[in-house]
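*Asks:* My structure is stored as upload-v2.csv, with CSV, C-alpha atoms.
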chain,number,residue,atom,x,y,z
S,206,MET,CA,47.5,-20.3,-157.0
S,207,CYS,CA,50.3,-20.7,-159.5
S,208,LEU,CA,49.1,-17.5,-161.2
S,209,ALA,CA,51.8,-15.5,-162.9
S,210,ILE,CA,51.6,-12.2,-164.6
S,211,PRO,CA,53.8,-10.8,-167.4
S,212,GLY,CA,55.4,-7.4,-166.9
S,213,LYS,CA,58.2,-5.2,-168.3
S,214,VAL,CA,61.4,-4.5,-166.3
S,215,ILE,CA,61.7,-0.7,-166.2
S,216,LYS,CA,64.4,-0.3,-163.6
S,217,ILE,CA,66.9,-2.5,-161.8
S,218,LEU,CA,66.8,-1.3,-158.1
S,219,ASN,CA,69.6,-3.5,-156.7
S,220,ASN,CA,70.9,-7.1,-157.1
S,221,GLU,CA,67.7,-8.5,-155.8
S,222,ASN,CA,64.9,-6.2,-156.9
S,223,ALA,CA,63.6,-4.5,-160.0
S,224,LEU,CA,60.7,-2.3,-160.8
S,225,ILE,CA,58.2,-4.0,-163.1
S,226,ASP,CA,55.5,-2.3,-165.1
S,227,TYR,CA,52.4,-4.4,-165.7
S,228,GLY,CA,51.3,-2.2,-168.6
S,229,ASP,CA,48.1,-0.8,-166.9
S,230,GLY,CA,49.9,1.8,-164.9
S,231,THR,CA,50.7,-0.6,-162.1
S,232,LYS,CA,54.3,-0.7,-161.1
S,233,ARG,CA,55.7,-3.0,-158.4
S,234,LYS,CA,59.0,-3.9,-156.8
S,235,VAL,CA,59.7,-7.5,-157.8
S,236,ASN,CA,62.4,-9.9,-156.5
S,237,ILE,CA,64.7,-10.9,-159.4
S,238,SER,CA,67.0,-13.3,-157.6
S,239,LEU,CA,65.7,-16.4,-159.6
S,240,VAL,CA,66.4,-14.9,-163.0
S,241,ASP,CA,69.0,-13.1,-165.1
S,242,ILE,CA,67.2,-10.1,-166.4
S,243,ASN,CA,67.8,-6.6,-167.7
S,244,ILE,CA,65.9,-3.4,-168.3
S,245,GLY,CA,63.5,-3.8,-171.2
S,246,ASP,CA,63.1,-7.6,-170.7
S,247,TYR,CA,59.7,-9.1,-169.9
S,248,ALA,CA,59.2,-11.4,-166.9
S,249,LEU,CA,56.6,-13.7,-165.6
S,250,VAL,CA,55.9,-12.6,-162.0
S,251,HIS,CA,54.6,-15.0,-159.3
S,252,ALA,CA,54.1,-14.2,-155.6
S,253,GLY,CA,56.5,-11.2,-155.8
S,254,PHE,CA,59.2,-13.0,-157.7
S,255,ALA,CA,60.2,-13.0,-161.4
S,256,ILE,CA,60.2,-16.7,-162.2
S,257,GLU,CA,61.2,-16.6,-165.9
S,258,LYS,CA,62.2,-14.2,-168.6
S,259,LEU,CA,59.8,-14.2,-171.4
S,260,ASN,CA,61.0,-14.8,-174.9
S,261,LYS,CA,59.8,-12.0,-177.2
S,262,LYS,CA,60.8,-13.8,-180.4
S,263,GLU,CA,58.8,-16.9,-179.5
S,264,ALA,CA,55.8,-14.8,-178.4
S,265,LYS,CA,55.8,-13.0,-181.8
S,266,GLU,CA,56.1,-16.2,-183.7
S,267,THR,CA,53.7,-18.5,-181.8
S,268,LEU,CA,50.5,-17.6,-183.7
S,269,ALA,CA,52.3,-17.7,-187.0
S,270,ILE,CA,53.6,-21.2,-186.1
S,271,PHE,CA,50.1,-22.3,-185.1
S,272,ARG,CA,48.6,-21.0,-188.4
S,273,GLU,CA,51.3,-22.9,-190.3
S,274,MET,CA,50.7,-26.1,-188.4
S,275,LEU,CA,47.0,-26.0,-189.2
S,276,SER,CA,47.5,-25.1,-192.9
S,277,ILE,CA,50.0,-28.0,-193.3
S,278,GLU,CA,47.3,-30.2,-192.0
S,279,GLU,CA,44.9,-28.8,-194.6
S,280,GLU,CA,47.3,-29.6,-197.5
S,281,ASN,CA,47.7,-33.1,-196.3
C,245,MET,CA,52.7,-9.1,-177.0
C,246,PHE,CA,52.5,-12.0,-174.6
C,247,SER,CA,48.7,-12.2,-174.7
C,248,LEU,CA,47.8,-14.2,-177.7
C,249,ASN,CA,44.5,-13.7,-179.3
C,250,ASP,CA,43.2,-14.9,-182.7
C,251,LYS,CA,39.5,-15.7,-182.9
C,252,LYS,CA,39.7,-16.9,-186.5
C,253,LEU,CA,42.4,-19.3,-185.6
C,254,ALA,CA,40.5,-20.5,-182.6
C,255,ARG,CA,37.4,-21.1,-184.7
C,256,GLN,CA,39.5,-23.0,-187.2
C,257,ILE,CA,40.9,-25.3,-184.5
C,258,VAL,CA,37.5,-26.0,-183.1
C,259,ASP,CA,36.0,-26.7,-186.6
C,260,LYS,CA,38.9,-29.1,-187.4
C,261,ILE,CA,38.4,-31.0,-184.1
C,262,LYS,CA,34.6,-31.1,-184.6
C,263,LYS,CA,35.1,-32.9,-188.0
C,264,LEU,CA,36.9,-35.8,-186.3
C,265,ASP,CA,34.8,-38.4,-184.8
C,266,ILE,CA,36.5,-38.7,-181.4
C,267,ASN,CA,35.7,-39.4,-177.8
C,268,LEU,CA,38.7,-38.4,-175.7
C,269,LYS,CA,39.4,-37.6,-172.0
C,270,PHE,CA,42.2,-35.2,-171.2
C,271,MET,CA,43.4,-33.9,-167.9
C,272,HIS,CA,45.0,-30.7,-166.8
C,273,VAL,CA,46.4,-30.1,-163.3
C,274,CYS,CA,46.2,-26.3,-163.0
C,275,GLY,CA,43.7,-23.9,-161.4
C,276,THR,CA,44.5,-21.2,-164.0
C,277,HIS,CA,43.9,-23.6,-166.9
C,278,GLN,CA,40.5,-24.5,-165.3
C,279,ASP,CA,39.8,-20.8,-165.0
C,280,THR,CA,40.5,-20.3,-168.8
C,281,LEU,CA,38.4,-23.3,-169.7
C,282,LEU,CA,35.3,-22.2,-167.7
C,283,LYS,CA,35.5,-18.4,-168.2
C,284,ASN,CA,35.6,-18.8,-172.0
C,285,GLY,CA,33.1,-21.7,-172.2
C,286,LEU,CA,35.8,-23.9,-173.7
C,287,ASP,CA,34.8,-26.9,-171.6
C,288,ILE,CA,31.3,-26.9,-173.2
C,289,LEU,CA,32.7,-26.1,-176.7
C,290,LEU,CA,35.2,-29.0,-176.5
C,291,LYS,CA,32.6,-31.4,-175.0
C,292,ASP,CA,30.6,-30.8,-178.2
C,293,CYS,CA,33.7,-31.9,-180.1
C,294,GLY,CA,34.0,-35.2,-178.1
C,295,ILE,CA,36.7,-34.0,-175.7
C,296,GLU,CA,36.3,-33.9,-172.0
C,297,ILE,CA,38.9,-32.1,-169.9
C,298,GLY,CA,39.0,-33.0,-166.3
C,299,GLN,CA,40.9,-31.2,-163.5
C,300,GLY,CA,43.6,-33.2,-161.7
C,301,PRO,CA,45.3,-32.4,-158.4
C,302,GLY,CA,47.1,-29.3,-159.5
C,303,CYS,CA,46.0,-27.0,-156.7
C,304,PRO,CA,48.4,-26.8,-153.8
C,305,VAL,CA,45.5,-26.4,-151.5
C,306,CYS,CA,44.0,-29.8,-152.5
C,307,VAL,CA,47.4,-31.5,-152.0
C,308,THR,CA,48.0,-30.0,-148.5
C,309,THR,CA,47.4,-32.7,-146.0
C,310,GLN,CA,45.0,-32.6,-143.1
C,311,LYS,CA,48.0,-33.0,-140.8
C,312,GLU,CA,49.6,-29.9,-142.2
C,313,ILE,CA,46.4,-27.9,-141.8
C,314,GLU,CA,46.0,-29.0,-138.2
C,315,GLU,CA,49.6,-28.1,-137.4
C,316,MET,CA,49.0,-24.6,-138.7
C,317,LEU,CA,45.8,-24.2,-136.7
C,318,LEU,CA,47.6,-25.5,-133.6
C,319,LEU,CA,50.5,-23.0,-134.1
C,320,ALA,CA,48.0,-20.1,-134.4
C,321,GLN,CA,46.2,-21.3,-131.2
C,322,ASN,CA,49.5,-21.2,-129.4
C,323,GLY,CA,50.0,-17.5,-130.0
C,324,ILE,CA,52.2,-17.8,-133.1
C,325,THR,CA,51.6,-15.4,-136.0
C,326,VAL,CA,50.6,-17.5,-138.9
C,327,THR,CA,51.1,-16.2,-142.5
C,328,THR,CA,50.1,-17.8,-145.7
C,329,PHE,CA,48.6,-17.3,-149.1
C,330,GLY,CA,44.9,-16.2,-149.2
C,331,ASP,CA,44.0,-19.6,-150.8
C,332,MET,CA,44.8,-21.4,-147.6
C,333,ILE,CA,42.9,-19.2,-145.1
C,334,ASN,CA,39.4,-20.7,-145.7
C,335,VAL,CA,40.6,-24.3,-146.1
C,336,PRO,CA,38.8,-26.3,-143.3
C,337,GLY,CA,40.6,-28.5,-140.8
C,338,GLU,CA,38.8,-31.1,-138.8
C,339,ASN,CA,36.8,-28.5,-136.8
C,340,GLN,CA,37.8,-25.1,-138.1
C,341,SER,CA,39.8,-23.0,-140.6
C,342,LEU,CA,42.4,-20.3,-140.2
C,343,GLN,CA,39.6,-17.9,-141.0
C,344,ASN,CA,37.6,-19.1,-138.0
C,345,LEU,CA,40.6,-18.6,-135.8
C,346,LYS,CA,41.2,-15.1,-137.2
C,347,THR,CA,37.7,-14.0,-136.3
C,348,GLU,CA,38.3,-15.4,-132.8
C,349,GLY,CA,41.2,-13.0,-132.5
C,350,TYR,CA,44.2,-15.2,-133.3
C,351,ASP,CA,47.0,-13.6,-135.4
C,352,ILE,CA,46.5,-14.9,-138.9
C,353,ARG,CA,47.6,-12.9,-142.0
C,354,ALA,CA,47.1,-13.5,-145.7
C,355,VAL,CA,50.1,-12.5,-147.7
C,356,TYR,CA,50.8,-12.1,-151.4
C,357,SER,CA,54.4,-13.2,-151.1
C,358,ILE,CA,56.8,-14.8,-148.6
C,359,ILE,CA,58.5,-11.4,-148.7
C,360,ASP,CA,55.5,-9.9,-146.9
C,361,ALA,CA,55.7,-12.6,-144.3
C,362,ILE,CA,59.4,-11.6,-143.7
C,363,SER,CA,58.4,-8.0,-143.3
C,364,ILE,CA,55.8,-9.0,-140.7
C,365,ALA,CA,58.5,-10.9,-138.8
C,366,LYS,CA,60.9,-7.9,-138.9
C,367,LYS,CA,58.2,-5.6,-137.6
C,368,ASN,CA,57.1,-7.9,-134.8
C,369,LYS,CA,60.4,-9.0,-133.3
C,370,ASN,CA,58.7,-10.1,-130.0
C,371,LYS,CA,56.5,-12.6,-131.9
C,372,GLU,CA,57.2,-15.9,-133.6
C,373,VAL,CA,56.1,-15.7,-137.3
C,374,VAL,CA,55.5,-18.9,-139.3
C,375,PHE,CA,54.8,-18.9,-143.0
C,376,MET,CA,52.8,-21.9,-144.3
C,377,ALA,CA,54.7,-22.6,-147.5
C,378,VAL,CA,52.4,-24.2,-149.9
C,379,GLY,CA,52.8,-24.6,-153.7
C,380,PHE,CA,54.4,-26.6,-156.4
C,381,GLU,CA,57.7,-25.8,-158.1
C,382,THR,CA,56.5,-22.3,-159.1
C,383,THR,CA,56.4,-21.2,-155.5
C,384,ALA,CA,59.1,-23.5,-153.9
C,385,PRO,CA,62.0,-21.4,-155.3
C,386,THR,CA,60.5,-18.2,-153.8
C,387,THR,CA,60.5,-19.9,-150.4
C,388,ALA,CA,64.0,-21.3,-150.9
C,389,SER,CA,65.4,-18.0,-152.1
C,390,VAL,CA,64.2,-16.2,-148.9
C,391,LEU,CA,65.6,-19.0,-146.6
C,392,LEU,CA,69.0,-18.7,-148.2
C,393,LYS,CA,69.1,-14.9,-147.3
C,394,LYS,CA,69.2,-15.5,-143.5
C,395,PRO,CA,65.6,-14.6,-142.5
C,396,PRO,CA,65.0,-13.1,-139.0
C,397,ASN,CA,65.4,-15.5,-136.1
C,398,ASN,CA,61.7,-15.2,-135.2
C,399,PHE,CA,60.7,-16.5,-138.7
C,400,SER,CA,60.1,-20.1,-139.7
C,401,ILE,CA,58.3,-22.0,-142.3
C,402,LEU,CA,56.0,-25.0,-142.3
C,403,CYS,CA,57.0,-26.7,-145.6
C,404,CYS,CA,54.1,-28.0,-147.6
C,405,HIS,CA,55.7,-27.8,-151.0
C,406,ARG,CA,55.0,-30.5,-153.6
C,407,THR,CA,56.5,-31.6,-156.9
C,408,ILE,CA,54.3,-31.9,-160.0
C,409,PRO,CA,56.0,-34.8,-161.9
C,410,ASN,CA,55.6,-37.0,-158.8
C,411,ALA,CA,52.0,-36.0,-158.3
C,412,LEU,CA,51.3,-36.9,-162.0
C,413,LYS,CA,53.1,-40.2,-161.5
C,414,ALA,CA,51.0,-41.0,-158.4
C,415,LEU,CA,47.8,-40.2,-160.3
C,416,LEU,CA,48.7,-42.4,-163.2
C,417,ASP,CA,49.8,-45.2,-160.9
C,418,MET,CA,46.4,-45.2,-159.3
C,419,GLY,CA,45.1,-46.1,-162.7
C,420,GLU,CA,41.5,-45.3,-161.8
C,421,ILE,CA,40.9,-42.5,-164.3
C,422,ARG,CA,41.1,-42.8,-168.1
C,423,ILE,CA,43.6,-40.2,-169.3
C,424,ASP,CA,44.2,-40.0,-173.1
C,425,GLY,CA,46.3,-36.9,-172.8
C,426,LEU,CA,47.8,-34.5,-170.3
C,427,ILE,CA,47.8,-30.7,-170.5
C,428,GLU,CA,50.8,-29.7,-168.4
C,429,PRO,CA,50.9,-26.5,-166.3
C,430,GLY,CA,52.7,-23.6,-167.9
C,431,HIS,CA,54.0,-21.8,-164.9
C,432,VAL,CA,55.3,-24.8,-163.0
C,433,SER,CA,57.0,-25.8,-166.3
C,434,THR,CA,58.9,-22.4,-166.5
C,435,ILE,CA,60.8,-23.7,-163.5
C,436,ILE,CA,61.1,-27.5,-164.2
C,437,GLY,CA,61.3,-27.3,-168.0
C,438,SER,CA,59.7,-29.7,-170.5
C,439,ASN,CA,62.3,-32.5,-170.3
C,440,VAL,CA,61.2,-33.7,-166.9
C,441,TYR,CA,57.9,-34.9,-168.3
C,442,ASN,CA,59.4,-37.3,-170.8
C,443,PHE,CA,59.3,-40.3,-168.5
C,444,ILE,CA,55.5,-40.0,-168.3
C,445,SER,CA,55.0,-40.4,-172.0
C,446,LYS,CA,57.5,-43.2,-172.1
C,447,GLU,CA,56.3,-45.2,-169.1
C,448,TYR,CA,52.5,-44.6,-169.4
C,449,ASN,CA,52.2,-44.0,-173.2
C,450,VAL,CA,50.4,-40.7,-172.5
C,451,PRO,CA,50.8,-37.7,-174.9
C,452,GLN,CA,51.5,-34.4,-173.1
C,453,VAL,CA,51.4,-30.7,-174.1
C,454,ILE,CA,52.7,-27.9,-171.9
C,455,THR,CA,50.6,-24.9,-172.5
C,456,GLY,CA,49.9,-21.3,-171.7
C,457,PHE,CA,46.7,-19.7,-170.3
C,458,GLU,CA,45.0,-17.9,-173.2
C,459,PRO,CA,42.0,-19.7,-174.8
C,460,ILE,CA,44.1,-20.1,-178.0
C,461,ASP,CA,46.8,-21.8,-176.0
C,462,ILE,CA,44.4,-24.4,-174.6
C,463,LEU,CA,42.8,-25.0,-178.0
C,464,MET,CA,46.2,-25.5,-179.6
C,465,ALA,CA,47.2,-27.9,-176.8
C,466,VAL,CA,44.0,-29.9,-177.4
C,467,TRP,CA,44.8,-29.9,-181.1
C,468,MET,CA,48.4,-31.1,-180.5
C,469,LEU,CA,47.2,-33.9,-178.2
C,470,VAL,CA,44.5,-35.0,-180.8
C,471,LYS,CA,47.2,-35.1,-183.5
C,472,GLN,CA,49.5,-37.2,-181.4
C,473,ILE,CA,46.7,-39.7,-180.6
C,474,GLU,CA,45.7,-39.8,-184.3
C,475,ASN,CA,49.3,-40.6,-185.2
C,476,ASN,CA,49.6,-43.1,-182.5
C,477,GLU,CA,52.4,-41.2,-180.8
C,478,ALA,CA,53.0,-40.2,-177.2
C,479,TYR,CA,55.6,-37.5,-176.4
C,480,VAL,CA,56.0,-34.1,-174.7
C,481,GLN,CA,55.2,-31.0,-176.8
C,482,ASN,CA,55.7,-27.5,-175.7
C,483,GLU,CA,53.1,-25.0,-176.8
C,484,TYR,CA,54.2,-22.4,-174.3
C,485,THR,CA,57.6,-21.7,-175.9
C,486,ARG,CA,57.4,-18.0,-175.0
C,487,ALA,CA,57.9,-18.9,-171.3
C,488,VAL,CA,59.1,-22.5,-171.0
C,489,LYS,CA,62.5,-23.9,-172.0
C,490,LYS,CA,63.5,-27.5,-172.3
C,491,GLU,CA,65.8,-27.3,-169.3
C,492,GLY,CA,63.6,-24.9,-167.3
C,493,ASN,CA,64.9,-22.2,-165.0
C,494,ILE,CA,68.2,-23.7,-163.9
C,495,LYS,CA,69.0,-20.9,-161.4
C,496,ALA,CA,65.7,-21.5,-159.6
C,497,GLN,CA,66.2,-25.3,-159.7
C,498,LYS,CA,69.6,-24.9,-158.1
C,499,ILE,CA,68.1,-22.7,-155.3
C,500,ILE,CA,65.4,-25.3,-154.7
C,501,ASN,CA,67.9,-28.1,-154.5
C,502,LYS,CA,70.1,-26.1,-152.1
C,503,VAL,CA,67.3,-25.8,-149.6
C,504,PHE,CA,65.0,-28.7,-150.0
C,505,LYS,CA,65.3,-32.4,-150.4
C,506,SER,CA,62.4,-34.4,-151.7
C,507,GLY,CA,60.8,-37.1,-149.8
C,508,ASP,CA,57.6,-39.1,-149.9
C,509,ILE,CA,54.9,-37.6,-147.7
C,510,ARG,CA,53.6,-41.0,-147.0
C,511,ARG,CA,56.7,-41.6,-144.9
C,512,LEU,CA,56.0,-38.4,-142.9
C,513,ASP,CA,52.4,-39.4,-142.2
C,514,PRO,CA,51.3,-42.9,-143.2
C,515,ASP,CA,47.7,-42.2,-142.1
C,516,ILE,CA,47.2,-39.5,-144.7
C,517,VAL,CA,44.0,-39.9,-146.5
C,518,GLY,CA,45.3,-37.5,-149.1
C,519,TYR,CA,44.1,-36.8,-152.6
C,520,VAL,CA,47.2,-38.3,-154.1
C,521,GLN,CA,50.5,-39.5,-152.8
C,522,VAL,CA,52.9,-36.8,-153.6
C,523,GLU,CA,56.6,-36.2,-153.0
C,524,SER,CA,57.2,-33.4,-150.5
C,525,LEU,CA,60.1,-31.0,-150.6
C,526,ASP,CA,61.4,-31.1,-147.1
C,527,TYR,CA,63.6,-28.3,-145.8
C,528,PRO,CA,66.4,-30.1,-143.9
C,529,GLY,CA,66.7,-27.4,-141.2
C,530,ALA,CA,62.9,-27.3,-140.5
C,531,ASP,CA,63.3,-29.4,-137.3
C,532,GLU,CA,65.8,-26.9,-135.9
C,533,THR,CA,63.7,-23.8,-136.4
C,534,PRO,CA,62.5,-22.3,-133.1
C,535,LEU,CA,58.8,-23.0,-133.2
Can the structure from this file be put into structure tokens for me?
*Replies:*
Amino acid sequence: MCLAIPGKVIKILNNENALIDYGDGTKRKVNISLVDINIGDYALVHAGFAIEKLNKKEAKETLAIFREMLSIEEEN
Amino acid sequence: MFSLNDKKLARQIVDKIKKLDINLKFMHVCGTHQDTLLKNGLDILLKDCGIEIGQGPGCPVCVTTQKEIEEMLLLAQNGITVTTFGDMINVPGENQSLQNLKTEGYDIRAVYSIIDAISIAKKNKNKEVVFMAVGFETTAPTTASVLLKKPPNNFSILCCHRTIPNALKALLDMGEIRIDGLIEPGHVSTIIGSNVYNFISKEYNVPQVITGFEPIDILMAVWMLVKQIENNEAYVQNEYTRAVKKEGNIKAQKIINKVFKSGDIRRLDPDIVGYVQVESLDYPGADETPL
């Protein structure tokens, strides 16, 4: 029910809506009134609304942080 | 980029947990987490490691009361166009479901978004259209946002929104289930943030990890919970940092607070034999809507 899918903002249509590309050729109009978002940003989309902007830096670093956490454990 | 995958790392986490001689019971409260657990066989894999992960009341359908379902059925039977998410259509009332009524010819429509329900109202000006607004804080701001934009006069909602922190509190207060750690829902948390869960760890001494929906996210959350327990700690950790901030989505929270006020659903219906006692988000103007 609370399913949300990430997509890339490719066009701001107006104050309320943007065109989002889900990366598989699917593009949909999405309401952006709950977030501050720009072209090129990635958003989580739930029930036709972007609910949060995704953090590219955190996404890139997450696995590296996990690996580090596990290796620190190893050393201890 | 946002889909994390690392089989080697996943194997490493499982091996590490397996080496520990543990017997723990965790709980998650999200249908999508359950989906990840089952689809990838993680439930069995983790059980072999001494960890059982149960599913709590995180599905908006399970925390919709019988009274709300009956109200919706009654509206449909009175000639009102009823719109709601597909999840709700087959949920049984006392004698029937919305699906049953649909086959009998009543006007019931499954929608993907409240925006679709608004379009139906705009196209059918001679009909009253009601949207059964179910969902936790992920969905509540979408309802609130639409209500703030002056929906058509023939459009109303039946507010069945719920809040997650209060659902968790109600569950823990019941004290019937052993919960060694909580896996908190990623998407609800994008809206409410991670700070709101702090009281649970403090008051109930339960470790918590907010996590995403990839297998590696769940495994990492389990690992983090195990480490907290091993170190005799109980606090909120955020594994899903690519989507969840400490403070959450403030813009969405403001929109929720503008439209809804929270109340205890036990006050609305003391006879509820509900799954848990949950706070309801109650739209103040709901009584004035022309149903």
*Asks:* Hey, which bits of chain C sit within 6 Å of chain S, and for each residue what's the closest pair of atoms and how far apart in Å (one decimal), counting only C-alpha atoms, rows by chain and increasing number, as CSV?
*Replies:*
residue,atom,partner,partner_atom,distance
C:Phe246,CA,S:Ala264,CA,5.8
C:Tyr356,CA,S:Ala252,CA,5.7
C:Ser357,CA,S:Ala252,CA,4.6
C:Arg486,CA,S:Asn260,CA,4.8
C:Ala487,CA,S:Leu259,CA,5.1
C:Lys495,CA,S:Leu239,CA,5.9
C:Ala496,CA,S:Leu239,CA,5.1
*Asks:* For CA of Gly330 in chain C and CA of Pro395 in chain C, quote the distance in Å rounded to one decimal.
*Replies:*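 Separation of CA of Gly330 in chain C and CA of Pro395 in chain C: 21.8 Å.
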*Asks:* Which distance in Å separates CA of Ser341 in chain C and CA of Ser389 in chain C, to one decimal?
*Replies:*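 Result for CA of Ser341 in chain C versus CA of Ser389 in chain C: 28.5 Å, one decimal.
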*Asks:* Calculate how many Å separate CA of Ile509 in chain C from CA of Cys403 in chain C, rounding to one decimal.
*Replies:*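 Between CA of Ile509 in chain C and CA of Cys403 in chain C the gap is 11.3 Å.
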*Asks:* Any idea what's packed within 12 Å of Lys291 in chain C, counting all atoms listed in the file, ignoring anything in its chain fewer than 5 positions away? Could you give it as an mmCIF file with C-alpha atoms, keeping the file's coordinate frame?
*Replies:*
data_model
loop_
_atom_site.group_PDB
_atom_site.id
_atom_site.type_symbol
_atom_site.label_atom_id
_atom_site.label_comp_id
_atom_site.auth_asym_id
_atom_site.auth_seq_id
_atom_site.Cartn_x
_atom_site.Cartn_y
_atom_site.Cartn_z
ATOM 1 C CA VAL C 258 37.500 -26.000 -183.100
ATOM 2 C CA ILE C 261 38.400 -31.000 -184.100
ATOM 3 C CA LYS C 262 34.600 -31.100 -184.600
ATOM 4 C CA ILE C 266 36.500 -38.700 -181.400
ATOM 5 C CA ASN C 267 35.700 -39.400 -177.800
ATOM 6 C CA LEU C 268 38.700 -38.400 -175.700
ATOM 7 C CA LYS C 269 39.400 -37.600 -172.000
ATOM 8 C CA PHE C 270 42.200 -35.200 -171.200
ATOM 9 C CA LEU C 281 38.400 -23.300 -169.700
ATOM 10 C CA GLY C 285 33.100 -21.700 -172.200
ATOM 11 C CA LEU C 286 35.800 -23.900 -173.700
ATOM 12 C CA GLU C 296 36.300 -33.900 -172.000
ATOM 13 C CA ILE C 297 38.900 -32.100 -169.900
ATOM 14 C CA GLY C 298 39.000 -33.000 -166.300
ATOM 15 C CA VAL C 466 44.000 -29.900 -177.400
#
*Asks:* Could you name the residues that touch His277 in chain C at 8 Å or less, counting all atoms listed in the file, but leaving out those on the same chain fewer than 4 positions away, as a count of residues only?
*Replies:* 6
*Asks:* Using all atoms listed in the file, can you tell me which of C:Gly379, C:Pro451, C:Pro304, C:Pro459 comes closest to Ile358 in chain C?
*Replies:*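 Of the candidates, the smallest distance to Ile358 in chain C is held by C:Gly379.
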